[in-house]
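Reproduced below: work-v5.pdb, with PDB, C-alpha atoms and all ligand atoms.
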ATOM      1  CA  MET S  12       0.000   0.000   0.000
ATOM      2  CA  LYS S  13       1.146   3.585  -0.637
ATOM      3  CA  ILE S  14       1.076   5.507   2.625
ATOM      4  CA  ILE S  15       1.894   8.923   4.073
ATOM      5  CA  LEU S  16       3.303   9.653   7.511
ATOM      6  CA  ILE S  17       1.640  12.376   9.569
ATOM      7  CA  GLY S  18       4.320  14.348  11.399
ATOM      8  CA  ALA S  19       7.744  15.017   9.897
ATOM      9  CA  ARG S  20       9.906  15.487  12.959
ATOM     10  CA  ALA S  21      13.276  14.213  11.743
ATOM     11  CA  ASP S  22      14.599  13.747  15.300
ATOM     12  CA  GLY S  23      11.430  12.147  16.657
ATOM     13  CA  GLN S  24       8.798   9.475  16.073
ATOM     14  CA  ALA S  25       8.612  10.263  12.332
ATOM     15  CA  HIS S  26      12.139   8.928  11.844
ATOM     16  CA  VAL S  27      11.439   5.843  13.981
ATOM     17  CA  ALA S  28       8.229   5.172  12.051
ATOM     18  CA  LEU S  29       9.963   5.568   8.682
ATOM     19  CA  ASP S  30      12.738   3.143   9.689
ATOM     20  CA  THR S  31      10.104   0.671  10.863
ATOM     21  CA  ALA S  32       8.076   1.001   7.654
ATOM     22  CA  LEU S  33      11.222   0.343   5.607
ATOM     23  CA  ALA S  34      12.111  -2.678   7.745
ATOM     24  CA  GLN S  35       8.560  -3.999   7.528
ATOM     25  CA  GLY S  36       8.744  -3.670   3.731
ATOM     26  CA  ARG S  37       4.968  -3.847   3.171
ATOM     27  CA  HIS S  38       4.236  -0.216   2.343
ATOM     28  CA  GLU S  39       5.719   2.476   0.132
ATOM     29  CA  VAL S  40       6.060   5.770   2.035
ATOM     30  CA  LEU S  41       5.274   8.649  -0.364
ATOM     31  CA  GLY S  42       6.137  11.462   2.071
ATOM     32  CA  PHE S  43       4.925  13.415   5.067
ATOM     33  CA  LEU S  44       2.124  15.788   5.997
ATOM     34  CA  ASP S  45       3.047  18.313   8.685
ATOM     35  CA  ASP S  46       1.527  21.638   9.769
ATOM     36  CA  THR S  47       4.912  23.248  10.611
ATOM     37  CA  PRO S  48       5.066  26.202   8.161
ATOM     38  CA  GLU S  49       8.895  26.035   7.805
ATOM     39  CA  LEU S  50       8.657  22.452   6.528
ATOM     40  CA  ALA S  51       6.333  23.301   3.626
ATOM     41  CA  GLY S  52       7.887  22.153   0.337
ATOM     42  CA  SER S  53      10.995  20.758   2.015
ATOM     43  CA  GLU S  54      12.476  17.273   2.132
ATOM     44  CA  VAL S  55      12.783  15.363   5.393
ATOM     45  CA  LEU S  56      14.755  12.126   5.671
ATOM     46  CA  GLY S  57      14.911  12.004   1.868
ATOM     47  CA  LEU S  58      11.136  12.250   1.375
ATOM     48  CA  PRO S  59       8.952  15.255   0.455
ATOM     49  CA  VAL S  60       6.750  17.125   2.912
ATOM     50  CA  LEU S  61       3.620  17.061   0.753
ATOM     51  CA  GLY S  62       1.843  19.810   2.679
ATOM     52  CA  PRO S  63      -0.072  20.454   5.898
ATOM     53  CA  VAL S  64      -2.495  17.896   7.308
ATOM     54  CA  ALA S  65      -5.273  19.674   5.400
ATOM     55  CA  ALA S  66      -3.588  18.474   2.184
ATOM     56  CA  ALA S  67      -4.637  14.862   2.815
ATOM     57  CA  GLY S  68      -6.907  14.985  -0.236
ATOM     58  CA  GLU S  69      -3.975  15.917  -2.505
ATOM     59  CA  ALA S  70      -1.909  13.086  -1.042
ATOM     60  CA  ARG S  71      -4.762  10.750  -1.928
ATOM     61  CA  ASP S  72      -4.745  12.149  -5.471
ATOM     62  CA  ARG S  73      -1.034  11.230  -5.676
ATOM     63  CA  GLY S  74      -1.934   7.615  -4.952
ATOM     64  CA  ALA S  75      -1.792   7.381  -1.152
ATOM     65  CA  THR S  76      -4.427   5.067   0.289
ATOM     66  CA  GLY S  77      -3.123   4.770   3.841
ATOM     67  CA  PHE S  78      -1.570   6.840   6.617
ATOM     68  CA  HIS S  79       0.237   6.414   9.896
ATOM     69  CA  VAL S  80       0.350   9.166  12.534
ATOM     70  CA  ALA S  81       4.000   9.375  13.585
ATOM     71  CA  ILE S  82       3.854  11.693  16.589
ATOM     72  CA  GLY S  83       4.429  10.993  20.263
ATOM     73  CA  ASP S  84       1.353  12.692  21.743
ATOM     74  CA  GLY S  85      -1.416  10.104  22.027
ATOM     75  CA  ALA S  86      -4.380  12.496  22.236
ATOM     76  CA  ALA S  87      -3.121  14.264  19.104
ATOM     77  CA  ARG S  88      -2.736  10.912  17.323
ATOM     78  CA  LEU S  89      -6.434  10.235  17.935
ATOM     79  CA  VAL S  90      -7.549  13.655  16.656
ATOM     80  CA  LEU S  91      -5.345  13.433  13.556
ATOM     81  CA  GLY S  92      -6.326   9.816  12.950
ATOM     82  CA  ALA S  93     -10.001  10.794  12.823
ATOM     83  CA  ARG S  94      -9.248  13.709  10.465
ATOM     84  CA  LEU S  95      -7.274  11.565   8.036
ATOM     85  CA  GLU S  96      -9.929   8.838   8.032
ATOM     86  CA  ALA S  97     -12.559  11.486   7.302
ATOM     87  CA  ALA S  98     -10.391  12.477   4.310
ATOM     88  CA  GLY S  99     -10.728   8.935   2.951
ATOM     89  CA  LEU S 100      -7.410   7.391   4.010
ATOM     90  CA  GLU S 101      -6.992   4.146   5.918
ATOM     91  CA  PRO S 102      -4.975   3.951   9.172
ATOM     92  CA  VAL S 103      -2.033   1.579   8.756
ATOM     93  CA  SER S 104      -0.162  -0.178  11.551
ATOM     94  CA  LEU S 105       3.629  -0.351  11.426
ATOM     95  CA  VAL S 106       5.166  -3.415  13.073
ATOM     96  CA  HIS S 107       8.919  -3.987  13.128
ATOM     97  CA  PRO S 108       9.901  -7.482  11.944
ATOM     98  CA  THR S 109      11.825  -8.133  15.180
ATOM     99  CA  ALA S 110       8.771  -7.469  17.371
ATOM    100  CA  TRP S 111       6.888 -10.491  18.667
ATOM    101  CA  ILE S 112       3.121 -10.387  18.533
ATOM    102  CA  ALA S 113       1.365 -13.458  19.885
ATOM    103  CA  PRO S 114      -1.053 -15.064  17.426
ATOM    104  CA  SER S 115      -3.825 -14.626  20.017
ATOM    105  CA  ALA S 116      -3.107 -10.891  20.469
ATOM    106  CA  THR S 117      -5.140  -8.200  18.719
ATOM    107  CA  VAL S 118      -3.517  -5.183  17.098
ATOM    108  CA  GLY S 119      -5.768  -2.342  15.957
ATOM    109  CA  ARG S 120      -5.394   0.177  13.140
ATOM    110  CA  GLY S 121      -2.741   2.883  13.004
ATOM    111  CA  VAL S 122      -0.772   1.152  15.766
ATOM    112  CA  PHE S 123       3.023   1.379  16.071
ATOM    113  CA  VAL S 124       4.991  -1.638  17.383
ATOM    114  CA  GLY S 125       8.750  -1.047  17.419
ATOM    115  CA  ALA S 126      11.840  -3.250  17.251
ATOM    116  CA  LEU S 127      12.122  -5.964  19.920
ATOM    117  CA  ALA S 128       8.771  -5.056  21.478
ATOM    118  CA  VAL S 129       6.536  -7.851  22.770
ATOM    119  CA  VAL S 130       2.741  -8.022  22.619
ATOM    120  CA  SER S 131       1.960 -11.215  24.460
ATOM    121  CA  THR S 132      -0.819 -13.784  24.594
ATOM    122  CA  GLY S 133      -4.360 -12.451  24.462
ATOM    123  CA  ALA S 134      -3.249  -8.811  24.702
ATOM    124  CA  CYS S 135      -5.107  -6.082  22.842
ATOM    125  CA  VAL S 136      -3.414  -2.973  21.436
ATOM    126  CA  CYS S 137      -6.102  -0.567  20.233
ATOM    127  CA  ASP S 138      -6.087   1.984  17.396
ATOM    128  CA  HIS S 139      -3.254   4.555  17.247
ATOM    129  CA  ALA S 140      -1.500   3.118  20.322
ATOM    130  CA  LEU S 141       2.293   3.309  20.511
ATOM    131  CA  VAL S 142       4.346   0.289  21.626
ATOM    132  CA  PRO S 143       7.934   1.453  21.061
ATOM    133  CA  PRO S 144      11.178  -0.502  20.766
ATOM    134  CA  THR S 145      11.904  -2.889  23.684
ATOM    135  CA  SER S 146       8.603  -2.237  25.482
ATOM    136  CA  PHE S 147       6.651  -5.159  26.901
ATOM    137  CA  VAL S 148       2.889  -5.729  26.808
ATOM    138  CA  SER S 149       2.244  -8.876  28.790
ATOM    139  CA  HIS S 150      -0.581 -11.396  28.513
ATOM    140  CA  HIS S 151      -4.188 -10.180  28.447
ATOM    141  CA  VAL S 152      -3.178  -6.533  28.793
ATOM    142  CA  VAL S 153      -5.319  -3.850  27.148
ATOM    143  CA  VAL S 154      -3.593  -0.802  25.671
ATOM    144  CA  GLU S 155      -6.477   1.528  24.864
ATOM    145  CA  GLU S 156      -6.797   3.889  21.868
ATOM    146  CA  GLY S 157      -3.988   6.422  21.583
ATOM    147  CA  ALA S 158      -2.141   5.152  24.680
ATOM    148  CA  SER S 159       1.681   5.273  24.603
ATOM    149  CA  LEU S 160       4.380   3.199  26.216
ATOM    150  CA  SER S 161       8.042   4.298  26.181
ATOM    151  CA  PRO S 162      11.130   2.188  25.509
ATOM    152  CA  GLY S 163      11.701  -0.365  28.258
ATOM    153  CA  ALA S 164       8.247   0.165  29.826
ATOM    154  CA  ARG S 165       6.364  -2.934  30.986
ATOM    155  CA  LEU S 166       2.694  -3.693  31.511
ATOM    156  CA  ALA S 167       2.192  -6.880  33.553
ATOM    157  CA  GLY S 168      -0.559  -9.436  32.985
ATOM    158  CA  ARG S 169      -4.164  -8.180  32.765
ATOM    159  CA  SER S 170      -3.161  -4.565  33.426
ATOM    160  CA  ARG S 171      -4.695  -1.742  31.414
ATOM    161  CA  LEU S 172      -3.287   1.495  29.976
ATOM    162  CA  GLY S 173      -6.149   3.940  29.427
ATOM    163  CA  ARG S 174      -7.035   5.999  26.391
ATOM    164  CA  ALA S 175      -4.215   8.461  25.538
ATOM    165  CA  ALA S 176      -2.400   7.593  28.798
ATOM    166  CA  PHE S 177       1.413   7.647  28.836
ATOM    167  CA  LEU S 178       3.892   5.225  30.452
ATOM    168  CA  GLY S 179       7.410   6.705  30.730
ATOM    169  CA  LEU S 180      10.805   5.225  29.980
ATOM    170  CA  GLY S 181      11.355   1.986  31.915
ATOM    171  CA  ALA S 182       8.171   2.371  34.004
ATOM    172  CA  SER S 183       6.317  -0.762  35.129
ATOM    173  CA  VAL S 184       2.698  -1.545  35.982
ATOM    174  CA  LEU S 185       1.932  -4.515  38.278
ATOM    175  CA  PRO S 186      -0.610  -7.173  37.242
ATOM    176  CA  ASP S 187      -4.317  -6.251  37.195
ATOM    177  CA  ARG S 188      -3.708  -2.506  37.747
ATOM    178  CA  THR S 189      -5.317   0.177  35.610
ATOM    179  CA  VAL S 190      -3.728   3.434  34.517
ATOM    180  CA  GLY S 191      -6.684   5.706  33.768
ATOM    181  CA  PRO S 192      -7.297   7.633  30.546
ATOM    182  CA  GLY S 193      -4.983  10.597  30.065
ATOM    183  CA  ALA S 194      -2.805   9.670  33.079
ATOM    184  CA  VAL S 195       0.999  10.053  32.962
ATOM    185  CA  VAL S 196       3.368   7.584  34.636
ATOM    186  CA  GLY S 197       6.849   9.100  34.995
ATOM    187  CA  ALA S 198      10.035   7.428  33.817
ATOM    188  CA  GLY S 199      11.209   4.658  36.142
ATOM    189  CA  ALA S 200       7.970   4.501  38.172
ATOM    190  CA  LEU S 201       6.418   1.308  39.557
ATOM    191  CA  VAL S 202       2.618   1.365  39.538
ATOM    192  CA  THR S 203       1.333  -0.667  42.504
ATOM    193  CA  HIS S 204      -2.182   0.854  42.706
ATOM    194  CA  ASP S 205      -4.632   2.017  40.056
ATOM    195  CA  VAL S 206      -3.821   5.480  38.693
ATOM    196  CA  ALA S 207      -6.749   7.919  38.452
ATOM    197  CA  ASP S 208      -7.692   9.460  35.105
ATOM    198  CA  GLY S 209      -5.568  12.432  34.080
ATOM    199  CA  THR S 210      -3.162  12.291  37.051
ATOM    200  CA  THR S 211       0.657  12.201  36.964
ATOM    201  CA  VAL S 212       2.463   9.702  39.175
ATOM    202  CA  VAL S 213       6.195   9.180  39.736
ATOM    203  CA  GLY S 214       8.516   7.039  41.844
ATOM    204  CA  VAL S 215       8.701   3.573  43.389
ATOM    205  CA  PRO S 216       6.002   2.904  44.428
ATOM    206  CA  ALA S 217       4.323   5.428  42.130
ATOM    207  CA  LYS S 218       2.602   8.314  43.904
ATOM    208  CA  ALA S 219       0.798  11.399  42.655
ATOM    209  CA  ARG S 220       3.310  14.162  42.076
ATOM    210  CA  PRO S 221       2.691  16.945  44.618
ATOM    211  CA  SER S 222       1.684  20.193  42.979
ATOM    212  CA  PRO S 223       4.172  23.065  43.519
ATOM    213  CA  SER S 224       1.788  24.685  46.053
ATOM    214  CA  ASP S 225       1.881  21.519  48.243
ATOM    215  CA  ARG S 226       5.658  21.641  48.573
ATOM    216  CA  PRO S 227       7.330  22.842  51.770
TER     217      PRO S 227
HETATM  218  C1  LIG V   1       6.962  12.771  35.226
HETATM  219  C2  LIG V   1       7.208  13.767  34.103
HETATM  220  C3  LIG V   1       6.099  13.641  33.065
HETATM  221  C4  LIG V   1       7.187  15.151  34.732
HETATM  222  O1  LIG V   1       7.529  16.101  33.769
HETATM  223  P1  LIG V   1       7.619  17.645  34.184
HETATM  224  O2  LIG V   1       6.287  18.109  34.693
HETATM  225  O3  LIG V   1       8.186  18.387  33.021
HETATM  226  O4  LIG V   1       8.615  17.597  35.412
HETATM  227  P2  LIG V   1       9.951  18.417  35.675
HETATM  228  O5  LIG V   1      11.042  17.923  34.780
HETATM  229  O6  LIG V   1       9.601  19.870  35.669
HETATM  230  O7  LIG V   1      10.293  17.965  37.153
HETATM  231  C5  LIG V   1       9.463  18.333  38.261
HETATM  232  C6  LIG V   1       9.933  17.581  39.471
HETATM  233  O8  LIG V   1       9.598  16.195  39.368
HETATM  234  C7  LIG V   1      10.792  15.388  39.440
HETATM  235  N1  LIG V   1      10.646  14.319  38.466
HETATM  236  C8  LIG V   1      10.491  14.459  37.128
HETATM  237  N2  LIG V   1      10.360  13.267  36.548
HETATM  238  C9  LIG V   1      10.450  12.355  37.520
HETATM  239  C10 LIG V   1      10.388  10.956  37.510
HETATM  240  N3  LIG V   1      10.190  10.261  36.403
HETATM  241  N4  LIG V   1      10.525  10.308  38.699
HETATM  242  C11 LIG V   1      10.712  11.011  39.848
HETATM  243  N5  LIG V   1      10.768  12.345  39.902
HETATM  244  C12 LIG V   1      10.640  13.017  38.752
HETATM  245  C13 LIG V   1      11.935  16.321  39.098
HETATM  246  O9  LIG V   1      13.133  15.874  39.658
HETATM  247  C14 LIG V   1      11.442  17.618  39.667
HETATM  248  O10 LIG V   1      11.648  17.589  41.074
HETATM  249  P3  LIG V   1      12.184  18.914  41.852
HETATM  250  O11 LIG V   1      11.151  19.969  41.570
HETATM  251  O12 LIG V   1      12.247  18.464  43.269
HETATM  252  O13 LIG V   1      13.496  19.227  41.216
HETATM  253  C15 LIG V   1       8.558  13.540  33.375
HETATM  254  O14 LIG V   1       9.650  13.944  34.130
HETATM  255  C16 LIG V   1       8.774  12.108  32.937
HETATM  256  O15 LIG V   1       9.157  11.201  33.701
HETATM  257  N6  LIG V   1       8.531  11.923  31.633
HETATM  258  C17 LIG V   1       8.764  10.692  30.962
HETATM  259  C18 LIG V   1       9.648  10.959  29.736
HETATM  260  C19 LIG V   1       9.879   9.697  28.963
HETATM  261  O16 LIG V   1       9.990   8.613  29.486
HETATM  262  N7  LIG V   1       9.910   9.855  27.645
HETATM  263  C20 LIG V   1      10.116   8.763  26.777
HETATM  264  C21 LIG V   1      10.579   9.290  25.454
HETATM  265  S1  LIG V   1      11.310   8.050  24.463
END
Here is a file; write its structure as structure tokens.
Ligand SMILES: CC(C)(COP(=O)(O)OP(=O)(O)OC[C@H]1O[C@@H](n2cnc3c(N)ncnc32)[C@H](O)[C@@H]1OP(=O)(O)O)[C@@H](O)C(=O)NCCC(=O)NCCS
Amino acid sequence: MKIILIGARADGQAHVALDTALAQGRHEVLGFLDDTPELAGSEVLGLPVLGPVAAAGEARDRGATGFHVAIGDGAARLVLGARLEAAGLEPVSLVHPTAWIAPSATVGRGVFVGALAVVSTGACVCDHALVPPTSFVSHHVVVEEGASLSPGARLAGRSRLGRAAFLGLGASVLPDRTVGPGAVVGAGALVTHDVADGTTVVGVPAKARPSPSDRP
């Protein structure tokens, strides 16, 4: 399939996604769409920036039938994913050939699964979720729409990462725990209790980060 990448950040997820698409070898990447005015008409990573996101129709006219949103912010991935689908393009998942996805696992549309990542038995990774290199989604875990892990992060059996929630570098979630929608788990944290929607937790065990006004 001919696809476009949404987001052209050469030192970010766009580069990782492009590398993964090339390694996967199933899709031809025609170029990028990106709203950054300075990128208009330029080349990034050897491919053209075809225009802003609003130019999805023109990309379709050039032969693109699919897209992948290659940006780190999960809530933004969901918004952009809906826009691109409304423009008639199909969300495409990129899965690195060194990742292991159990035959009984479910991977949605527009999902990213990076090198050496694991999506284990019975797990479900929903649309536009991000499972980056070396991250670990254990058995019967649910990674909801637009949720993001970071490299080295681990979700233990039957745990759940809520819609557009974020799990930082090397953070871990114990079995059966839920990280609520929009919550942020800081790098290196260990989640031992459920994390409420939209809250930020850090540390071992993970605790809500005190707001500046609570500090001595
Ligand atoms: C938790 C997090 C979201 C907070 O971000 P932030 O609001 O910008 O926080 P700041 O950097 O301003 O730090 C605020 C305080 O929290 C502390 N802090 C920040 N991150 C922390 C973490 N992961 N664990 C423990 N303490 C942390 C800082 O030391 C600082 O404490 P201080 O005020 O006593 O000096 C962020 O630090 C984090 O862990 N992000 C994950 C990044 C990541 O893994 N990215 C993956 C990309 S591949």
Checklist line | Sphere at (1.3, 21.1, 6.1), radius 12 Å, counting all atoms listed in the file: residues as a ChimeraX atom specification | finding: /S:16-19,42-53,59-67,69-70
Notebook entry, point to check: For this file, the PyMOL selection byres (((not hetatm)) within 10 of (chain V and resi 1)) selects which residues, as a ChimeraX atom specification?
Noted result: /S:23-24,83,143-144,159-164,177-182,194-201,211-215,217-223,226
Checklist line | Spatial neighbours of Gly191 of chain S, max dist 9 Å, all atoms listed in the file, sep filter under 2 positions, as a VMD selection string | finding: chain S and resid 171 to 174 176 189 193 to 195 205 to 210
Check: Which neighbours of segment 115-125 of chain S fall inside 8 Å, counting only C-alpha atoms, when residues of the same chain fewer than 2 positions from it are skipped, and could you give them as a ChimeraX atom specification?
Finding: /S:28,31,78-80,92,102-107,110,112-113,127-128,130-145
Note to self: Taking only C-alpha atoms into account, name the residue in S:Asp187, S:Glu96, S:Glu101, S:Asp72 that is nearest to Met12 of chain S.
What the structure shows: S:Glu101
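One distance worth recording is that between atom CA of Arg71 of chain S and atom CA of Arg94 of chain S, which is 13.5 Å.
Nearest residue to Pro192 of chain S, choosing from S:Gly99, S:Leu91, S:Ser146, S:Gly85 and counting all atoms listed in the file: S:Gly85.
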As lines of an AutoDock Vina configuration file, please report the centre and edge lengths, rounded to one decimal in Å, of the axis-aligned box that holds all listed atoms of segment 60-66 of chain S with 5 Å of padding on each of the six sides.
center_x = 0.7
center_y = 18.8
center_z = 4.0
size_x = 22.0
size_y = 13.4
size_z = 16.6
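Across the model, the gap from atom CA of Ala21 of chain S to atom CA of Ser183 of chain S is 28.6 Å.
In this structure, atom CA of Leu185 of chain S sits 14.3 Å away from atom CA of Val154 of chain S.
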Checklist line | Proximity to Trp111 of chain S - best of S:Val148, S:Leu95, S:Leu89, S:Leu41, only C-alpha atoms | finding: S:Val148
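Minimum distance to Val202 of chain S across S:Ala75, S:Ala167, S:Val152, S:Ala175 (counting only C-alpha atoms) occurs at S:Ala167.
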